[in-house]
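Below is one structure, written out as structure tokens, with a few remarks after it.
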Amino acid sequence: MAEPAGSAVVYGRIVASRLRGQLAYRTSFALDLTAQAIGQTIELFVIVVVFTQVSTLGGFTAGEVLLIFGLAACGFGLADLCVGQVERLPEYIRTGEFDVMLLRPLGTLPQLLSADVALKRVGRLGVGLAVYGWSLARLDLAWTPLRALVAVTAPLVGAVVLGALWVAANVVSFWVVDGREVANAVTYGSSFTTSYPISVYGPWLRRLMCYAVPGAFVAYFPALALLDRPDPLGLPVALRYCAPLVAVVAVLAAGALWRQGVRHYQGTGS
Amino acid sequence: MTTDRIISTDGLGRDFLVGSRLRRRRVTALRDMTLQVDRGEAVGLLGPNGAGKSTAIKMLTGVLVPTAGRATVCGLDPVRRRRELAHRTGVVFGQRSQLWWDLPLRQSFDLHGAIHRVPAAAYAQRLDECVALLDLSGFLDTPVRQLSLGQRMRGEITAALLHAPELLVLDEPTIGLDLASKERLRTFLATVNARGDVTLLLTTHDLPDVERLCRRVVVVDHGRVLVDDDLNTLRERFAGNRTLVVELTEPAPPLAGLPGVVDVGVQAQGLRQRLEFDRRTSAAELIADVARRVQLRDVAVDEPSIEDLVRTLYQRS
Amino acid sequence: MLAPYPQLIRAGYRRYAGYRQAALAGLFTNLVFGLLRAAVLAAVLAERGTVAGYDLATATTYVWLGQGLLAVVLLWGNTEFSDRVRSGDIVVDLGRPWDLQTAQLATDLGRAGAAVGIRLLPPIAVGALFFPFRWPAWPLTWLVFALSVLLGVVVSFAIRFLLSCTAFWLLDARGTMALWGASSGVLTGLVVPLSWFPAWAQAVLWWTPFPAVLQSPIDAFTERGDPLGLLAHQLVWAAVLLLVGRAMLFRGIRRLVVQGG
């Protein structure tokens, strides 16, 4: 069967060929990039405006909320860059391109993700990195090796969690024609929810986001680990370091859901 | 694992549920298709629109799960071992492209080669051969989206063959092409098949495709297989009468009353006449009979067209 | 010639009313974001009882109205018009015996009319049933609100029309649409009430047409500010933007004709 290393080379080549195509349209790319950056800045803007009116939100100060926001934005930006293509699934199904993917000796999800690379999403990631970096510097944290490890891996692990979440959400397009809107609600909803401390939300919404949809592990818990401060919700300290485990479970669940979706597609026809 | 039975289906069928939630009905797109295709064969799947040809192809390539019966292609279950099967088959859709739209054709080939792990030497050799036979050199570096339909189809077939598949499946490959392009494609496919290493399965509306390429024809209509037989045998069993076309030196009244002649048609004010005669009559004898009556300038014998053959088959179903 | 426009309104209405599944999907998004935004604003108000005159009821009303009006004003339109400009199909529309901008406006009004029932009422119902909700205290407010929504639709249409016209020059309006999509949430008062902004920002924004799209109708409903002034602001901007749109269309067509498409 397929050796992972060889497959990676193939996907790499596919992605490289898409990249070359992207950079050809300069102005369009610049505009899109700006739009992405602005889009990410909007929520930042909201936070800034909110903090002109209050001094704490959900038990966190402005600097702390910005750390959470920055971390979430990095995770979102990375996920968007790598997994963002999954939202085009309904389009590929409709045009018959998905059938073409079934005819290749490759997995359908990797093909979908590498089918195009929207470089413009770097705009979002850029804003995220800027805010995250600035927050880390400004907050004057007590650095330990563990904390440094968390600081570096949290965006990556967060991206994996979000990516798995999006794949799971977009699987709905195998069943429902207008699934994209629902999937987008999950995608952009997750961006929104992860940007704020979860202590802001009511108890049932929180339970949804801690356990069902593990958005809290993208930014909230890692931020608590970095800030080394008590959790206003009083949740176990161990949860702050559980993100990698959650990511693994999320990926497995998303993969299983995807396979189900493909099987359904093959079972019902286009 | 090589097997000589390339395609083997047993009662293959597919139902669809159509309609909105309130008015759902079950539509049978394909029913009870039992087909055996051996290595090296060239089989044409013929049928009108909606006959079930594309559904059959999808089930054979693992895109669709059968709701009845089984299919085995190259010894594999198409749905369960989709990726393995993809290495052994090449598929060309007339209306959907497997090439990368905005990349130069050559790069699409490269990617195909990489995806199928084709060794460099074999890849180069096969590519050169296809380039030569299909005359691709003029547009190898043109982006696929800028190619004409004919050029694109030549590209698609090349891409499908680069990994030396055991089975080449073509779904309406000549649709929309001009005559010259169709002929070039047919010649190429016939050459490839004649060498014995690639089995062909071809769906088409275009009867000359079948005449040129396929020794065996499977006719499908309304989801059912009407006939599965050798092309010549089909002609013998279902064919209509032949027609003798005579060109005369001077106009003559219709040549009626000749033995074996079923119908006489007159053209060009009597200068050309079409004499339909039954299968028991020998063309040579009929020509002699005609020559005794009038002076002939030229003669030709028309076989019954495949159109007639197929029409007869549809009518009988 | 008045003839085609009422029919266009009706056609716009019918067309939108037909997309039931898409509307449901859109409502789901509204529900999700309504919940999330309401939660954040509630958290802010938990720290401080009222902010800029917004108490909890007003804030949640603001959120649910915003979500409901989003589809009515169609803040983020589609690229149909600019696609037609890019492909050149626009000449077909121009050849018809109507005024193109008015025809598009008529269709959009019909669509908005259908959206009121399908997309505005459900979020209001959710807000009113499950959240603290501030209903209008005076009967006249309903009239002001209706007029304000109508004007909001027109202003939003005019903005979208203008942006689509950039396709005549840029070949592809997707970039400008993306920029509008990214920034409109803040500028129109969808994400945060504009009165929560610093004073200078509010002053600047109210010199632009953007608050007229969403903040104005919401303010009308929640009875903030002077209703006549609010409507006047919307009316003036509607007129100005429509006229600028006509001018852009005219120049755009001339460019198209001169350049040969």
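Going by the structure tokens order, chains are called A, B, ..., each with residues numbered from 1, while ligands are numbered from 1 in the order shown.
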
Check which residues of chain A sit at most 8 Å from chain B using only C-alpha atoms, and return one row each with the closest pair of atoms and their distance in Å to one decimal, ordered by chain and rising number, as a Markdown table.
| residue | atom | partner | partner_atom | distance |
| --- | --- | --- | --- | --- |
| A:Met1 | CA | B:Glu84 | CA | 7.6 |
| A:Ser7 | CA | B:Ile115 | CA | 7.7 |
| A:Val10 | CA | B:Ile115 | CA | 5.9 |
| A:Arg13 | CA | B:Leu111 | CA | 7.4 |
| A:Ile14 | CA | B:Leu111 | CA | 7.1 |
| A:Ser17 | CA | B:Leu103 | CA | 7.6 |
| A:Gly21 | CA | B:Asp102 | CA | 7.4 |
| A:Gly96 | CA | B:Arg96 | CA | 7.1 |
| A:Glu97 | CA | B:Arg96 | CA | 7.5 |
| A:Asp99 | CA | B:Val63 | CA | 6.3 |
| A:Val100 | CA | B:Gln98 | CA | 6.1 |
| A:Leu102 | CA | B:Val63 | CA | 6.1 |
| A:Leu103 | CA | B:Ala86 | CA | 5.8 |
| A:Arg104 | CA | B:Ala86 | CA | 5.5 |
| A:Pro105 | CA | B:Arg83 | CA | 4.0 |
| A:Leu106 | CA | B:Arg83 | CA | 6.2 |
| A:Gly107 | CA | B:Arg83 | CA | 7.8 |
| A:Tyr265 | CA | B:Leu64 | CA | 7.8 |
| A:Gln266 | CA | B:Leu64 | CA | 4.4 |
| A:Gly267 | CA | B:Val65 | CA | 5.1 |
| A:Thr268 | CA | B:Phe16 | CA | 7.0 |
| A:Gly269 | CA | B:Leu64 | CA | 5.9 |

Restricting it to C-alpha atoms, dump the selection as a short mmCIF file (atom, residue, chain, number, x, y, z; two decimals), in the first residue's frame.
data_model
loop_
_atom_site.label_atom_id
_atom_site.label_comp_id
_atom_site.auth_asym_id
_atom_site.auth_seq_id
_atom_site.Cartn_x
_atom_site.Cartn_y
_atom_site.Cartn_z
CA MET A 1 0.00 0.00 0.00
CA SER A 7 2.49 10.25 -0.51
CA VAL A 10 3.07 13.78 -4.08
CA ARG A 13 4.10 18.63 -5.47
CA ILE A 14 0.38 19.20 -5.92
CA SER A 17 1.82 23.63 -8.35
CA GLY A 21 -0.77 29.60 -9.88
CA GLY A 96 -18.10 16.06 -10.26
CA GLU A 97 -14.54 16.81 -9.25
CA ASP A 99 -15.67 11.65 -8.43
CA VAL A 100 -12.36 12.39 -10.12
CA LEU A 102 -12.24 8.87 -6.10
CA LEU A 103 -10.57 7.66 -9.25
CA ARG A 104 -7.08 8.48 -8.04
CA PRO A 105 -5.05 6.13 -5.89
CA LEU A 106 -5.02 8.69 -3.07
CA GLY A 107 -7.15 9.46 -0.06
CA TYR A 265 -21.51 9.41 -0.95
CA GLN A 266 -20.59 6.18 -2.68
CA GLY A 267 -23.79 4.66 -1.42
CA THR A 268 -26.19 7.26 -2.64
CA GLY A 269 -24.50 8.59 -5.74
#

Inset, instruction - Please provide as a list in words all residues within 12 Å of Ala137 (chain C), with the sequence filter that same-chain residues fewer than 6 positions apart are discarded (counting only C-alpha atoms). - result: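 The neighbour list is Ala220, Phe221, Thr222, Glu223 and Arg224 of chain C.
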
Inset, instruction - Compute the chain C side of the contact with chain A at 9 Å, counting only C-alpha atoms, and hand it back as an MDAnalysis selection string. - result: chainID C and resid 21:22 25:26 28:30 32:33 35:37 39:48 51:52 172 174:183 185:186 191:192 196:198

Writing out the chosen residues with C-alpha atoms as a PDB file, in the first residue's frame:
ATOM      1  CA  GLN C  21     -33.260  25.035   2.762  1.00  0.00           C
ATOM      2  CA  ALA C  22     -30.717  27.791   2.268  1.00  0.00           C
ATOM      3  CA  ALA C  25     -29.075  27.041   7.011  1.00  0.00           C
ATOM      4  CA  GLY C  26     -28.675  30.805   7.250  1.00  0.00           C
ATOM      5  CA  PHE C  28     -28.727  28.317  11.957  1.00  0.00           C
ATOM      6  CA  THR C  29     -25.738  30.604  11.527  1.00  0.00           C
ATOM      7  CA  ASN C  30     -27.787  33.502  12.901  1.00  0.00           C
ATOM      8  CA  VAL C  32     -25.105  30.413  16.636  1.00  0.00           C
ATOM      9  CA  PHE C  33     -23.755  33.926  16.321  1.00  0.00           C
ATOM     10  CA  LEU C  35     -25.982  33.179  21.124  1.00  0.00           C
ATOM     11  CA  LEU C  36     -22.281  33.891  21.086  1.00  0.00           C
ATOM     12  CA  ARG C  37     -22.520  37.637  20.693  1.00  0.00           C
ATOM     13  CA  ALA C  39     -23.054  35.960  25.708  1.00  0.00           C
ATOM     14  CA  VAL C  40     -20.116  38.295  25.222  1.00  0.00           C
ATOM     15  CA  LEU C  41     -22.189  41.437  25.604  1.00  0.00           C
ATOM     16  CA  ALA C  42     -23.870  39.971  28.677  1.00  0.00           C
ATOM     17  CA  ALA C  43     -20.444  39.291  30.163  1.00  0.00           C
ATOM     18  CA  VAL C  44     -19.478  42.904  29.559  1.00  0.00           C
ATOM     19  CA  LEU C  45     -22.665  44.137  31.164  1.00  0.00           C
ATOM     20  CA  ALA C  46     -22.073  41.813  34.118  1.00  0.00           C
ATOM     21  CA  GLU C  47     -18.991  43.877  34.937  1.00  0.00           C
ATOM     22  CA  ARG C  48     -20.794  47.148  34.539  1.00  0.00           C
ATOM     23  CA  VAL C  51     -22.703  50.653  28.962  1.00  0.00           C
ATOM     24  CA  ALA C  52     -23.459  53.740  26.890  1.00  0.00           C
ATOM     25  CA  ASP C 172     -13.026  41.356 -10.746  1.00  0.00           C
ATOM     26  CA  ARG C 174     -14.186  39.932  -5.540  1.00  0.00           C
ATOM     27  CA  GLY C 175     -11.373  41.796  -3.843  1.00  0.00           C
ATOM     28  CA  THR C 176     -13.502  44.838  -3.051  1.00  0.00           C
ATOM     29  CA  MET C 177     -16.365  42.584  -1.957  1.00  0.00           C
ATOM     30  CA  ALA C 178     -13.973  40.746   0.340  1.00  0.00           C
ATOM     31  CA  LEU C 179     -12.795  44.015   1.864  1.00  0.00           C
ATOM     32  CA  TRP C 180     -16.377  45.100   2.395  1.00  0.00           C
ATOM     33  CA  GLY C 181     -17.233  41.727   3.849  1.00  0.00           C
ATOM     34  CA  ALA C 182     -14.399  41.960   6.312  1.00  0.00           C
ATOM     35  CA  SER C 183     -14.994  45.511   7.481  1.00  0.00           C
ATOM     36  CA  GLY C 185     -19.437  44.089  10.462  1.00  0.00           C
ATOM     37  CA  VAL C 186     -17.750  46.778  12.496  1.00  0.00           C
ATOM     38  CA  VAL C 191     -20.547  43.260  16.071  1.00  0.00           C
ATOM     39  CA  VAL C 192     -20.506  45.981  18.672  1.00  0.00           C
ATOM     40  CA  TRP C 196     -19.697  51.801  22.658  1.00  0.00           C
ATOM     41  CA  PHE C 197     -16.981  53.233  20.437  1.00  0.00           C
ATOM     42  CA  PRO C 198     -14.900  56.204  21.554  1.00  0.00           C
TER      43      PRO C 198
END

Inset, instruction - Tell me which of C:Leu100, C:Thr58, C:Ser216, C:Leu187 sits closest to Val204 (chain C), counting only C-alpha atoms. - result: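 The shortest atom-to-atom distance to Val204 (chain C) comes from C:Leu187.
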
Legend entry - Polymer residues at most 7 Å from region 243-258 of chain C, only C-alpha atoms, same-chain spacing of 4 or more positions, as a PyMOL selection string: chain C and resi 158+161-162+165+168+239

Legend entry - Residues within 10 Å of region 141-149 of chain C, only C-alpha atoms, excluding chain neighbours under 2 positions, as a PyMOL selection string: chain C and resi 69+72-73+112+116+135-139+151-155+212-223+227-228+230-232+234-235

So that I have them on file, write out the residues from the current selection with N, CA and C atoms, as a short mmCIF file (atom, residue, chain, number, x, y, z; two decimals), in the first residue's frame.
data_model
loop_
_atom_site.label_atom_id
_atom_site.label_comp_id
_atom_site.auth_asym_id
_atom_site.auth_seq_id
_atom_site.Cartn_x
_atom_site.Cartn_y
_atom_site.Cartn_z
N LEU C 69 -31.71 41.31 10.90
CA LEU C 69 -31.66 42.29 9.81
C LEU C 69 -30.56 41.99 8.81
N VAL C 72 -31.97 40.57 5.84
CA VAL C 72 -32.94 41.46 5.20
C VAL C 72 -32.20 42.52 4.37
N VAL C 73 -31.19 43.13 4.95
CA VAL C 73 -30.45 44.13 4.19
C VAL C 73 -29.42 43.48 3.27
N ALA C 112 -35.95 41.45 -0.05
CA ALA C 112 -35.95 41.90 1.34
C ALA C 112 -37.31 41.67 1.98
N VAL C 116 -37.97 39.42 5.39
CA VAL C 116 -38.51 39.90 6.66
C VAL C 116 -39.24 38.75 7.37
N TRP C 135 -38.97 45.53 24.02
CA TRP C 135 -39.93 45.88 22.98
C TRP C 135 -40.11 47.39 22.96
N PRO C 136 -40.52 47.95 21.80
CA PRO C 136 -40.74 49.40 21.72
C PRO C 136 -41.82 49.85 22.70
N ALA C 137 -41.56 51.02 23.30
CA ALA C 137 -42.52 51.54 24.30
C ALA C 137 -43.64 52.33 23.65
N TRP C 138 -43.35 52.95 22.47
CA TRP C 138 -44.36 53.78 21.80
C TRP C 138 -44.83 53.12 20.51
N PRO C 139 -46.13 53.21 20.22
CA PRO C 139 -46.66 52.60 19.00
C PRO C 139 -46.02 53.15 17.73
N LEU C 151 -35.24 51.84 4.46
CA LEU C 151 -34.12 52.68 4.03
C LEU C 151 -32.79 51.96 4.20
N GLY C 152 -32.70 51.14 5.24
CA GLY C 152 -31.48 50.36 5.44
C GLY C 152 -31.24 49.42 4.27
N VAL C 153 -32.31 48.81 3.79
CA VAL C 153 -32.19 47.92 2.63
C VAL C 153 -31.69 48.72 1.43
N VAL C 154 -32.25 49.90 1.23
CA VAL C 154 -31.85 50.70 0.07
C VAL C 154 -30.39 51.11 0.17
N VAL C 155 -29.97 51.55 1.34
CA VAL C 155 -28.57 51.97 1.50
C VAL C 155 -27.64 50.78 1.27
N ALA C 212 -26.14 53.57 8.73
CA ALA C 212 -27.51 53.60 8.22
C ALA C 212 -28.02 52.22 7.86
N VAL C 213 -27.10 51.29 7.64
CA VAL C 213 -27.51 49.96 7.19
C VAL C 213 -28.10 49.14 8.34
N LEU C 214 -27.43 49.11 9.46
CA LEU C 214 -27.90 48.24 10.55
C LEU C 214 -28.16 49.01 11.85
N GLN C 215 -27.20 49.83 12.25
CA GLN C 215 -27.34 50.51 13.54
C GLN C 215 -28.59 51.37 13.59
N SER C 216 -28.89 52.05 12.47
CA SER C 216 -30.05 52.93 12.46
C SER C 216 -31.36 52.19 12.71
N PRO C 217 -31.67 51.14 11.94
CA PRO C 217 -32.91 50.41 12.23
C PRO C 217 -32.94 49.86 13.66
N ILE C 218 -31.79 49.38 14.13
CA ILE C 218 -31.76 48.85 15.50
C ILE C 218 -32.03 49.97 16.49
N ASP C 219 -31.42 51.12 16.27
CA ASP C 219 -31.67 52.26 17.15
C ASP C 219 -33.13 52.68 17.11
N ALA C 220 -33.74 52.59 15.93
CA ALA C 220 -35.15 52.94 15.81
C ALA C 220 -35.98 52.03 16.69
N PHE C 221 -35.68 50.73 16.63
CA PHE C 221 -36.45 49.75 17.41
C PHE C 221 -36.24 49.96 18.90
N THR C 222 -34.99 50.20 19.29
CA THR C 222 -34.70 50.34 20.72
C THR C 222 -34.90 51.78 21.20
N GLU C 223 -35.43 52.61 20.31
CA GLU C 223 -35.81 53.97 20.67
C GLU C 223 -34.65 54.77 21.24
N PRO C 227 -35.70 59.96 16.21
CA PRO C 227 -36.15 59.16 15.06
C PRO C 227 -36.10 59.92 13.73
N LEU C 228 -36.46 61.20 13.76
CA LEU C 228 -36.47 61.94 12.51
C LEU C 228 -35.05 62.12 11.98
N LEU C 230 -32.56 60.25 12.54
CA LEU C 230 -32.10 58.93 12.11
C LEU C 230 -32.58 58.65 10.69
N LEU C 231 -33.88 58.84 10.47
CA LEU C 231 -34.44 58.57 9.14
C LEU C 231 -33.85 59.52 8.10
N ALA C 232 -33.66 60.78 8.51
CA ALA C 232 -33.11 61.74 7.57
C ALA C 232 -31.71 61.32 7.12
N GLN C 234 -30.50 58.33 6.98
CA GLN C 234 -30.62 57.21 6.05
C GLN C 234 -31.08 57.68 4.67
N LEU C 235 -32.08 58.59 4.66
CA LEU C 235 -32.65 59.04 3.41
C LEU C 235 -31.60 59.75 2.56
#

Legend entry - Spatial neighbours of Arg106 (chain B), 10 Å, only C-alpha atoms, chain gap at least 3 places, as a list in words: Leu103, Phe109, Asp110, Leu111, His112, Leu127, Leu136, Ser137, Phe139, Leu140, Asp141, Thr142, Pro143, Val144, Gly155 and Ala159 of chain B

Any chance you can output those residues with C-alpha atoms as a short mmCIF file (atom, residue, chain, number, x, y, z; two decimals), in the first residue's frame?
data_model
loop_
_atom_site.label_atom_id
_atom_site.label_comp_id
_atom_site.auth_asym_id
_atom_site.auth_seq_id
_atom_site.Cartn_x
_atom_site.Cartn_y
_atom_site.Cartn_z
CA LEU B 103 -1.34 23.79 -15.21
CA PHE B 109 1.39 14.37 -16.71
CA ASP B 110 4.22 14.77 -14.22
CA LEU B 111 1.75 14.89 -11.34
CA HIS B 112 -0.01 11.83 -12.66
CA LEU B 127 5.03 9.75 -22.62
CA LEU B 136 0.94 16.35 -28.46
CA SER B 137 4.22 18.22 -28.88
CA PHE B 139 0.68 22.02 -26.85
CA LEU B 140 2.52 20.16 -24.11
CA ASP B 141 3.28 23.44 -22.38
CA THR B 142 -0.13 25.02 -22.79
CA PRO B 143 -2.36 25.25 -19.72
CA VAL B 144 -5.12 22.68 -19.94
CA GLY B 155 -4.18 14.71 -23.04
CA ALA B 159 -2.67 10.68 -18.64
#

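Between Val236 (chain C) and the residues C:Asp108, C:Pro209, C:Asp99, C:Phe81, the shortest atom-to-atom distance, using only C-alpha atoms, involves C:Pro209.
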
Inset, instruction - Name all residues at most 12 Å from Leu112 (chain A) (count only C-alpha atoms; drop same-chain ones fewer than 2 positions away) and give them as number ranges by chain. - result: A: 11, 14-15, 82-93, 97-102, 104, 106-110, 114-117, 167, 170, 258

Prev. selection, N, CA and C atoms, output as a short mmCIF file (atom, residue, chain, number, x, y, z; two decimals), in the first residue's frame:
data_model
loop_
_atom_site.label_atom_id
_atom_site.label_comp_id
_atom_site.auth_asym_id
_atom_site.auth_seq_id
_atom_site.Cartn_x
_atom_site.Cartn_y
_atom_site.Cartn_z
N TYR A 11 1.71 14.97 -2.46
CA TYR A 11 0.87 16.09 -2.05
C TYR A 11 1.66 17.39 -2.07
N ILE A 14 1.68 18.63 -5.53
CA ILE A 14 0.38 19.20 -5.92
C ILE A 14 0.23 20.59 -5.35
N VAL A 15 0.53 20.72 -4.06
CA VAL A 15 0.41 22.02 -3.41
C VAL A 15 1.34 23.04 -4.06
N CYS A 82 -4.06 25.29 6.24
CA CYS A 82 -3.85 23.88 5.91
C CYS A 82 -5.14 23.13 5.61
N VAL A 83 -6.20 23.45 6.33
CA VAL A 83 -7.43 22.67 6.20
C VAL A 83 -8.57 23.49 5.61
N GLY A 84 -8.33 24.78 5.38
CA GLY A 84 -9.41 25.65 4.92
C GLY A 84 -10.10 25.15 3.66
N GLN A 85 -9.37 24.43 2.82
CA GLN A 85 -9.96 23.97 1.56
C GLN A 85 -11.16 23.06 1.75
N VAL A 86 -11.27 22.47 2.94
CA VAL A 86 -12.34 21.49 3.13
C VAL A 86 -13.72 22.13 2.94
N GLU A 87 -13.81 23.44 3.09
CA GLU A 87 -15.12 24.08 2.93
C GLU A 87 -15.57 24.05 1.47
N ARG A 88 -14.68 23.72 0.54
CA ARG A 88 -15.07 23.67 -0.87
C ARG A 88 -15.65 22.32 -1.26
N LEU A 89 -15.80 21.44 -0.28
CA LEU A 89 -16.33 20.11 -0.58
C LEU A 89 -17.63 20.15 -1.38
N PRO A 90 -18.64 20.97 -0.99
CA PRO A 90 -19.89 20.96 -1.76
C PRO A 90 -19.67 21.34 -3.22
N GLU A 91 -18.75 22.23 -3.44
CA GLU A 91 -18.46 22.64 -4.81
C GLU A 91 -17.88 21.48 -5.61
N TYR A 92 -16.97 20.74 -5.00
CA TYR A 92 -16.35 19.64 -5.70
C TYR A 92 -17.33 18.50 -5.96
N ILE A 93 -18.25 18.33 -5.04
CA ILE A 93 -19.26 17.31 -5.24
C ILE A 93 -20.15 17.70 -6.40
N GLU A 97 -15.97 16.89 -9.53
CA GLU A 97 -14.54 16.81 -9.25
C GLU A 97 -14.27 15.79 -8.15
N PHE A 98 -15.23 15.61 -7.24
CA PHE A 98 -15.02 14.63 -6.17
C PHE A 98 -14.95 13.23 -6.74
N ASP A 99 -15.75 12.95 -7.76
CA ASP A 99 -15.67 11.65 -8.43
C ASP A 99 -14.27 11.43 -8.99
N VAL A 100 -13.71 12.50 -9.58
CA VAL A 100 -12.36 12.39 -10.12
C VAL A 100 -11.38 12.05 -9.01
N MET A 101 -11.60 12.60 -7.82
CA MET A 101 -10.72 12.28 -6.69
C MET A 101 -10.85 10.83 -6.29
N LEU A 102 -12.05 10.29 -6.44
CA LEU A 102 -12.24 8.87 -6.10
C LEU A 102 -11.51 7.96 -7.07
N ARG A 104 -8.54 8.47 -8.21
CA ARG A 104 -7.08 8.48 -8.04
C ARG A 104 -6.70 7.58 -6.88
N LEU A 106 -5.38 7.88 -4.23
CA LEU A 106 -5.02 8.69 -3.07
C LEU A 106 -6.24 8.85 -2.19
N GLY A 107 -6.03 9.19 -0.94
CA GLY A 107 -7.15 9.46 -0.06
C GLY A 107 -7.89 10.69 -0.52
N THR A 108 -9.20 10.73 -0.31
CA THR A 108 -9.99 11.86 -0.79
C THR A 108 -9.76 13.11 0.04
N LEU A 109 -9.62 12.96 1.36
CA LEU A 109 -9.43 14.16 2.19
C LEU A 109 -8.11 14.86 1.88
N PRO A 110 -6.98 14.12 1.82
CA PRO A 110 -5.74 14.81 1.45
C PRO A 110 -5.82 15.49 0.09
N SER A 114 -5.28 19.47 -0.51
CA SER A 114 -4.15 19.95 -1.32
C SER A 114 -4.60 20.46 -2.68
N ALA A 115 -5.91 20.37 -2.96
CA ALA A 115 -6.38 20.75 -4.29
C ALA A 115 -6.12 22.22 -4.58
N ASP A 116 -6.09 23.00 -3.54
CA ASP A 116 -5.81 24.41 -3.74
C ASP A 116 -5.22 24.97 -2.46
N VAL A 117 -4.45 25.98 -2.60
CA VAL A 117 -3.88 26.61 -1.41
C VAL A 117 -4.22 28.09 -1.49
N VAL A 167 -13.23 19.63 9.60
CA VAL A 167 -13.46 18.46 8.75
C VAL A 167 -14.76 17.78 9.17
N ASN A 170 -17.72 19.86 8.03
CA ASN A 170 -17.98 19.87 6.60
C ASN A 170 -18.46 18.54 6.07
N TRP A 258 -15.25 11.36 8.38
CA TRP A 258 -14.99 11.58 6.95
C TRP A 258 -15.21 10.30 6.17
#

Legend entry - Contacts of Pro48 (chain B) within 8 Å, only C-alpha atoms, excl. fewer than 6 positions in-chain, as JSON, numbers by chain: {"B": [205, 220, 221]}

Inset, instruction - For CA of Phe174 (chain A) and CA of Leu113 (chain A), determine how far apart the two atoms are, in Å to one decimal place. - result: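 Separation between CA of Phe174 (chain A) and CA of Leu113 (chain A): 16.0 Å.
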
Legend entry - Selected residue, from A:Val213, A:Leu226, A:Leu208, A:Ala219, that lies nearest to Thr187 (chain A) when counting only C-alpha atoms: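 For Thr187 (chain A), the nearest of the given residues is A:Val213.
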
Inset, instruction - Extract the full set of strand (DSSP E) residues from region 73-262 of chain B according to DSSP on the backbone, and format it as JSON, numbers by chain. - result: {"B": [73, 89, 90, 91, 92, 93, 167, 168, 169, 170, 171, 199, 200, 201, 202, 203, 204, 216, 217, 218, 219, 220, 221, 224, 225, 226, 227, 228, 229, 230, 242, 243, 244, 245, 246, 247, 248, 261, 262]}

Inset, instruction - Any chance you could list, as a ChimeraX atom specification, the residues in region 12-154 of chain C that come up helix (DSSP H, G or I) when DSSP is run on the backbone? - result: /C:12-18,20-47,56-73,80-87,90-95,100-130,140-154
